[in-house]
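> Hey, dropping protein_23.pdb in here, PDB, C-alpha atoms:
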ATOM      1  CA  MET A  24     213.952 147.677-101.622  1.00  0.00           C
ATOM      2  CA  ALA A  25     216.111 146.740 -98.637  1.00  0.00           C
ATOM      3  CA  ARG A  26     214.384 144.937 -95.838  1.00  0.00           C
ATOM      4  CA  SER A  27     214.412 146.603 -92.481  1.00  0.00           C
ATOM      5  CA  ARG A  28     216.936 145.293 -89.982  1.00  0.00           C
ATOM      6  CA  SER A  29     215.002 146.825 -87.114  1.00  0.00           C
ATOM      7  CA  THR A  30     213.098 144.257 -85.099  1.00  0.00           C
ATOM      8  CA  SER A  31     211.394 146.880 -83.023  1.00  0.00           C
ATOM      9  CA  SER A  32     209.073 149.724 -83.705  1.00  0.00           C
ATOM     10  CA  THR A  33     211.084 151.971 -81.368  1.00  0.00           C
ATOM     11  CA  PRO A  34     211.488 155.279 -83.171  1.00  0.00           C
ATOM     12  CA  ARG A  35     214.824 156.714 -84.185  1.00  0.00           C
ATOM     13  CA  PRO A  36     215.876 159.300 -81.555  1.00  0.00           C
ATOM     14  CA  THR A  37     216.413 162.896 -82.660  1.00  0.00           C
ATOM     15  CA  ASP A  38     219.726 164.656 -81.996  1.00  0.00           C
ATOM     16  CA  ALA A  39     218.288 166.306 -78.871  1.00  0.00           C
ATOM     17  CA  GLU A  40     216.952 162.954 -77.664  1.00  0.00           C
ATOM     18  CA  LEU A  41     220.353 161.344 -78.250  1.00  0.00           C
ATOM     19  CA  GLY A  42     221.865 164.005 -75.992  1.00  0.00           C
ATOM     20  CA  ILE A  43     219.480 163.025 -73.213  1.00  0.00           C
ATOM     21  CA  LEU A  44     220.127 159.334 -73.802  1.00  0.00           C
ATOM     22  CA  ALA A  45     223.897 159.947 -73.678  1.00  0.00           C
ATOM     23  CA  ALA A  46     223.510 161.670 -70.301  1.00  0.00           C
ATOM     24  CA  LEU A  47     221.455 158.764 -68.960  1.00  0.00           C
ATOM     25  CA  TRP A  48     223.860 156.136 -70.321  1.00  0.00           C
ATOM     26  CA  SER A  49     226.764 158.000 -68.749  1.00  0.00           C
ATOM     27  CA  ASN A  50     225.176 158.838 -65.391  1.00  0.00           C
ATOM     28  CA  GLY A  51     222.626 156.059 -64.977  1.00  0.00           C
ATOM     29  CA  PRO A  52     218.939 156.538 -64.165  1.00  0.00           C
ATOM     30  CA  SER A  53     218.382 160.195 -63.319  1.00  0.00           C
ATOM     31  CA  SER A  54     215.832 162.871 -62.536  1.00  0.00           C
ATOM     32  CA  VAL A  55     215.019 165.595 -65.049  1.00  0.00           C
ATOM     33  CA  ARG A  56     217.053 168.055 -62.962  1.00  0.00           C
ATOM     34  CA  GLU A  57     220.110 165.783 -63.062  1.00  0.00           C
ATOM     35  CA  VAL A  58     219.845 165.420 -66.835  1.00  0.00           C
ATOM     36  CA  PHE A  59     219.367 169.184 -67.153  1.00  0.00           C
ATOM     37  CA  ARG A  60     222.520 169.789 -65.088  1.00  0.00           C
ATOM     38  CA  THR A  61     224.436 167.454 -67.390  1.00  0.00           C
ATOM     39  CA  ILE A  62     223.287 168.797 -70.771  1.00  0.00           C
ATOM     40  CA  GLY A  63     221.366 172.053 -70.245  1.00  0.00           C
ATOM     41  CA  GLU A  64     224.196 174.558 -70.355  1.00  0.00           C
ATOM     42  CA  GLU A  65     226.214 172.605 -72.924  1.00  0.00           C
ATOM     43  CA  ARG A  66     223.272 172.450 -75.338  1.00  0.00           C
ATOM     44  CA  GLY A  67     221.749 175.786 -74.380  1.00  0.00           C
ATOM     45  CA  ILE A  68     218.338 174.395 -73.438  1.00  0.00           C
ATOM     46  CA  GLY A  69     216.238 175.161 -70.401  1.00  0.00           C
ATOM     47  CA  TYR A  70     214.882 172.902 -67.703  1.00  0.00           C
ATOM     48  CA  SER A  71     211.338 172.955 -69.101  1.00  0.00           C
ATOM     49  CA  SER A  72     212.625 171.910 -72.537  1.00  0.00           C
ATOM     50  CA  VAL A  73     214.521 168.967 -71.036  1.00  0.00           C
ATOM     51  CA  LEU A  74     211.402 167.986 -69.072  1.00  0.00           C
ATOM     52  CA  LYS A  75     209.176 168.149 -72.162  1.00  0.00           C
ATOM     53  CA  LEU A  76     211.668 166.154 -74.256  1.00  0.00           C
ATOM     54  CA  MET A  77     211.910 163.469 -71.593  1.00  0.00           C
ATOM     55  CA  GLN A  78     208.113 163.253 -71.362  1.00  0.00           C
ATOM     56  CA  ILE A  79     207.897 162.875 -75.151  1.00  0.00           C
ATOM     57  CA  MET A  80     210.671 160.260 -75.104  1.00  0.00           C
ATOM     58  CA  THR A  81     208.700 158.299 -72.487  1.00  0.00           C
ATOM     59  CA  GLU A  82     205.586 158.398 -74.681  1.00  0.00           C
ATOM     60  CA  LYS A  83     207.668 157.267 -77.682  1.00  0.00           C
ATOM     61  CA  GLY A  84     209.100 154.326 -75.747  1.00  0.00           C
ATOM     62  CA  LEU A  85     212.679 155.608 -75.603  1.00  0.00           C
ATOM     63  CA  LEU A  86     212.631 156.150 -71.819  1.00  0.00           C
ATOM     64  CA  LYS A  87     210.925 154.507 -68.881  1.00  0.00           C
ATOM     65  CA  ARG A  88     209.886 156.490 -65.814  1.00  0.00           C
ATOM     66  CA  ASP A  89     209.780 155.341 -62.202  1.00  0.00           C
ATOM     67  CA  GLU A  90     206.797 157.206 -60.782  1.00  0.00           C
ATOM     68  CA  SER A  91     207.029 155.500 -57.394  1.00  0.00           C
ATOM     69  CA  VAL A  92     209.734 157.920 -56.231  1.00  0.00           C
ATOM     70  CA  ARG A  93     210.011 161.702 -56.058  1.00  0.00           C
ATOM     71  CA  PRO A  94     211.555 163.156 -58.050  1.00  0.00           C
ATOM     72  CA  GLN A  95     210.624 160.732 -60.803  1.00  0.00           C
ATOM     73  CA  ILE A  96     213.586 158.846 -62.225  1.00  0.00           C
ATOM     74  CA  TYR A  97     214.059 158.204 -65.941  1.00  0.00           C
ATOM     75  CA  ALA A  98     216.109 155.479 -67.599  1.00  0.00           C
ATOM     76  CA  PRO A  99     216.684 154.474 -71.214  1.00  0.00           C
ATOM     77  CA  VAL A 100     214.629 151.538 -72.468  1.00  0.00           C
ATOM     78  CA  ARG A 101     217.526 150.352 -74.645  1.00  0.00           C
ATOM     79  CA  THR A 102     221.217 150.137 -73.883  1.00  0.00           C
ATOM     80  CA  GLN A 103     223.641 152.404 -75.699  1.00  0.00           C
ATOM     81  CA  ARG A 104     224.921 149.463 -77.718  1.00  0.00           C
ATOM     82  CA  ALA A 105     221.410 148.375 -78.742  1.00  0.00           C
ATOM     83  CA  THR A 106     220.538 151.932 -79.764  1.00  0.00           C
ATOM     84  CA  GLN A 107     223.726 152.273 -81.803  1.00  0.00           C
ATOM     85  CA  LYS A 108     223.041 148.944 -83.497  1.00  0.00           C
ATOM     86  CA  HIS A 109     219.477 150.072 -84.306  1.00  0.00           C
ATOM     87  CA  LEU A 110     220.706 153.390 -85.737  1.00  0.00           C
ATOM     88  CA  VAL A 111     223.464 151.790 -87.810  1.00  0.00           C
ATOM     89  CA  GLY A 112     221.045 149.174 -89.153  1.00  0.00           C
ATOM     90  CA  ASP A 113     218.612 151.905 -90.139  1.00  0.00           C
ATOM     91  CA  LEU A 114     221.357 153.955 -91.807  1.00  0.00           C
ATOM     92  CA  LEU A 115     222.671 150.839 -93.545  1.00  0.00           C
ATOM     93  CA  ASP A 116     219.261 150.112 -95.038  1.00  0.00           C
ATOM     94  CA  ARG A 117     218.353 153.697 -95.955  1.00  0.00           C
ATOM     95  CA  ALA A 118     221.649 155.029 -97.300  1.00  0.00           C
ATOM     96  CA  PHE A 119     223.775 152.031 -98.278  1.00  0.00           C
ATOM     97  CA  ALA A 120     221.270 149.562 -99.767  1.00  0.00           C
ATOM     98  CA  GLY A 121     222.021 147.157 -96.916  1.00  0.00           C
ATOM     99  CA  SER A 122     225.748 146.910 -97.772  1.00  0.00           C
ATOM    100  CA  PRO A 123     227.943 146.881 -94.653  1.00  0.00           C
ATOM    101  CA  GLY A 124     231.050 147.130 -96.840  1.00  0.00           C
ATOM    102  CA  SER A 125     229.859 150.354 -98.438  1.00  0.00           C
ATOM    103  CA  LEU A 126     229.058 151.821 -95.040  1.00  0.00           C
ATOM    104  CA  VAL A 127     232.462 150.929 -93.609  1.00  0.00           C
ATOM    105  CA  LEU A 128     234.364 152.196 -96.658  1.00  0.00           C
ATOM    106  CA  GLN A 129     232.477 155.487 -96.588  1.00  0.00           C
ATOM    107  CA  ALA A 130     233.020 155.861 -92.840  1.00  0.00           C
ATOM    108  CA  LEU A 131     236.747 155.200 -93.178  1.00  0.00           C
ATOM    109  CA  SER A 132     237.125 157.610 -96.084  1.00  0.00           C
ATOM    110  CA  SER A 133     235.291 160.468 -94.410  1.00  0.00           C
ATOM    111  CA  LYS A 134     237.327 160.741 -91.175  1.00  0.00           C
ATOM    112  CA  SER A 135     240.892 159.886 -90.273  1.00  0.00           C
ATOM    113  CA  THR A 136     241.431 156.952 -87.936  1.00  0.00           C
ATOM    114  CA  THR A 137     244.078 156.336 -85.330  1.00  0.00           C
ATOM    115  CA  ALA A 138     246.456 153.402 -85.461  1.00  0.00           C
ATOM    116  CA  GLU A 139     244.594 151.903 -82.493  1.00  0.00           C
ATOM    117  CA  GLU A 140     241.250 152.152 -84.321  1.00  0.00           C
ATOM    118  CA  ARG A 141     242.725 150.534 -87.442  1.00  0.00           C
ATOM    119  CA  ASP A 142     244.144 147.706 -85.303  1.00  0.00           C
ATOM    120  CA  ARG A 143     240.698 147.142 -83.752  1.00  0.00           C
ATOM    121  CA  ILE A 144     239.108 147.096 -87.209  1.00  0.00           C
ATOM    122  CA  ARG A 145     241.677 144.563 -88.463  1.00  0.00           C
ATOM    123  CA  ALA A 146     241.097 142.366 -85.393  1.00  0.00           C
ATOM    124  CA  MET A 147     237.348 142.493 -85.969  1.00  0.00           C
ATOM    125  CA  LEU A 148     237.782 141.556 -89.638  1.00  0.00           C
ATOM    126  CA  ASP A 149     240.049 138.665 -88.628  1.00  0.00           C
ATOM    127  CA  GLN A 150     237.382 137.419 -86.186  1.00  0.00           C
ATOM    128  CA  LEU A 151     234.722 137.640 -88.897  1.00  0.00           C
ATOM    129  CA  GLU A 152     236.892 135.643 -91.312  1.00  0.00           C
ATOM    130  CA  GLU A 153     237.599 132.973 -88.698  1.00  0.00           C
ATOM    131  CA  GLY A 154     233.874 132.600 -88.044  1.00  0.00           C
ATOM    132  CA  ALA A 155     232.955 132.337 -91.731  1.00  0.00           C
TER
END
Translate the structure of the given file into structure tokens.


Amino acid sequence: MARSRSTSSTPRPTDAELGILAALWSNGPSSVREVFRTIGEERGIGYSSVLKLMQIMTEKGLLKRDESVRPQIYAPVRTQRATQKHLVGDLLDRAFAGSPGSLVLQALSSKSTTAEERDRIRAMLDQLEEGA
């Protein structure tokens, strides 16, 4: 059994929660109405649904809420990069038996990459080899 790479008990966000997090990462700390304006129409969800999701996310530890101002302002607890790292680590453990190579090979075989992306991957591999 693969050991968990997660050092935190922060839960894995759902797809809907990731949409809210993406809006907050993009726009910065925001009110429920601001998040709703960003994602409501695109995702076809109402204001009350966004509000409820954000309240749940606060209880789960995904968001923090500044109650000292009106309207209340919400912000992600983790950065986008930290969340992505957490999600990839979880996926790595659950689906790829902890093998980064298997994950990367599967990712590269499932979608086409641009020349720029391949260059960035090569540069990253070169850096890893230099550090080894």

> To one decimal place, how far is CA of Asp116 (chain A) from CA of Pro36 (chain A) in Å?

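Value for the CA of Asp116 (chain A)-CA of Pro36 (chain A) distance: 16.7 Å.
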
> Which residues would end up in the selection if the PyMOL selection byres ((chain A and resi 48-50) around 9) were applied here, given that I need the answer as a PyMOL selection string?

chain A and resi 43-47+51-53+57-58+61+98-99+102-103

> As JSON, please: the centre and edge lengths in Å, to one decimal, of an axis-aligned box enclosing every listed atom of region 141-152 of chain A with 3 Å added on each side.


{"center_x": 239.4, "center_y": 143.1, "center_z": -87.5, "size_x": 15.4, "size_y": 20.9, "size_z": 13.6}

> Separation of CA of Arg101 (chain A) and CA of Glu40 (chain A), in Å?

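Result for CA of Arg101 (chain A) versus CA of Glu40 (chain A): 13.0 Å, one decimal.
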
> In terms of the shortest atom-to-atom distance over all atoms listed in the file, which of A:Ala120, A:Val92, A:Ala105, A:Leu41 is closest to Met77 (chain A)?

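Selected residue with least distance to Met77 (chain A): A:Leu41.
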
> Hey, what's within 12 Å of Ser122 (chain A) if we count only C-alpha atoms and toss same-chain stuff fewer than 3 positions away? As a ChimeraX atom specification, please?

/A:25-26,28,111-119,125-129

> What gap, in Å, lies between CA of Asp142 (chain A) and CA of Gly124 (chain A)?

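Atom-to-atom, CA of Asp142 (chain A) and CA of Gly124 (chain A) are spaced 17.5 Å apart.
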
> Skip Val73 (chain A) itself and residues of its chain fewer than 3 positions away, then list as a ChimeraX atom specification all residues within 8 Å of it, counting only C-alpha atoms.

/A:55,58-59,63,68-70,76-77

> As a check of understanding, name the residues that the PyMOL selection byres ((chain A and resi 78) around 12) selects in the supplied structure, as a list in words.

Glu40, Ile43, Ser54, Val55, Ser71, Ser72, Val73, Leu74, Lys75, Leu76, Met77, Ile79, Met80, Thr81, Glu82, Lys83, Gly84, Leu85, Leu86, Lys87, Arg88, Gln95, Ile96, Tyr97 and Ala98 of chain A
